[in-house]
Structures are given as structure tokens and as C-alpha cells.
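Let me begin by presenting the structure, written as C-alpha cells, before commenting on it.
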Amino acid sequence: MSLDKATVAKVANLARIRVEEKDLEPMASELNAILGWVEQLSEVDTDNVAPMTSVADMQLRWRKDEITDGGYQQEIIANSPSKEEGFFAVPKVIE
């Protein structure tokens, strides 16, 4: 795939990037070089390579799924300026 000045100008317009007329030709050659590198990647044989999310082989550390509510209700409620029946009491906002 090869990009010309008109295509670069159109892409710049779509991306809302102002590119001067004198910079279109150098930018086209730079983008063509980048696309050449991307095309080279398709030549790499990846048939026997497993998909991975990281280059380092890592496993998640699991922990027991235990309920740890803390049992500190009274200490937490003690910090509240207003409380009722073991819960925070807040003023009514919606009537």
C-alpha cells in the first residue's frame, strides 16, 4: 500500500490535524515507511506461538474466598454524628 499527498491530506483532515502543503510529501514518505514495517510483520510465522497477554509467564495468586466483614460495626458507627439502630442516619434529601 502506498500513500500519496492527496491521501495524506485527506487523513490529516479526517484526524483534524493541520498539515502544511510543503509537509505533505515528506509525511507521505514517512507513513509509507511505517506501512512497510507493518507489512513486514505479516511475514513472521506465528502459527506455533500461543496467544499471550504478557511477555512474562505469570499466574494469578488466589486467596480463599472468606467473609471478612470485620465485626467492627459499633466502632464505625461511633464515628457518625447521627445514628439509628446500628446504621448511619442522614438527612432526607428527596421528598
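Just remember, in the C-alpha cells the first chain shown is A, the second B, etc., residues are 1-based per chain, and ligands are 1-based in the order shown.
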
**OP:** Return as a PyMOL selection string the full set of residues in chain A whose backbone-based DSSP assignment is alpha helix (DSSP H).
**Re:** chain A and resi 5-14+21-41+73-77

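Summary of the local environment: counting only C-alpha atoms, residues at most 7 Å from segment 21-33 of chain A, other than itself and those fewer than 4 positions away along its chain, are Ser2, Leu3, Asp4, Lys5, Val8, Ala9 and Trp37 of chain A.
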
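Inside chain A, the residues DSSP reads as strand (DSSP E) when given the backbone are Lys83, Glu84, Phe87 and Phe88 of chain A.
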
Could you please take those selected residues and save N, CA and C atoms as a compact mmCIF listing (two decimals), in the first residue's frame?
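This went into selection_10.txt:
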# COMPACT_ATOMS: atom_id res chain seq x y z
N LYS A 83 -26.84 8.45 64.32
CA LYS A 83 -27.01 7.03 64.06
C LYS A 83 -28.36 6.57 64.60
N GLU A 84 -28.90 5.53 63.94
CA GLU A 84 -30.17 4.94 64.39
C GLU A 84 -30.11 3.44 64.17
N PHE A 87 -27.14 1.93 62.29
CA PHE A 87 -26.85 2.40 60.94
C PHE A 87 -26.57 3.90 60.98
N PHE A 88 -25.88 4.41 59.93
CA PHE A 88 -25.70 5.84 59.79
C PHE A 88 -27.05 6.48 59.50

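Atom CA of Ala56 of chain A sits 21.5 Å away from atom CA of Leu41 of chain A.
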
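Computed from the coordinates, the atom CA of Ile94 of chain A to atom CA of Pro81 of chain A distance equals 20.5 Å.
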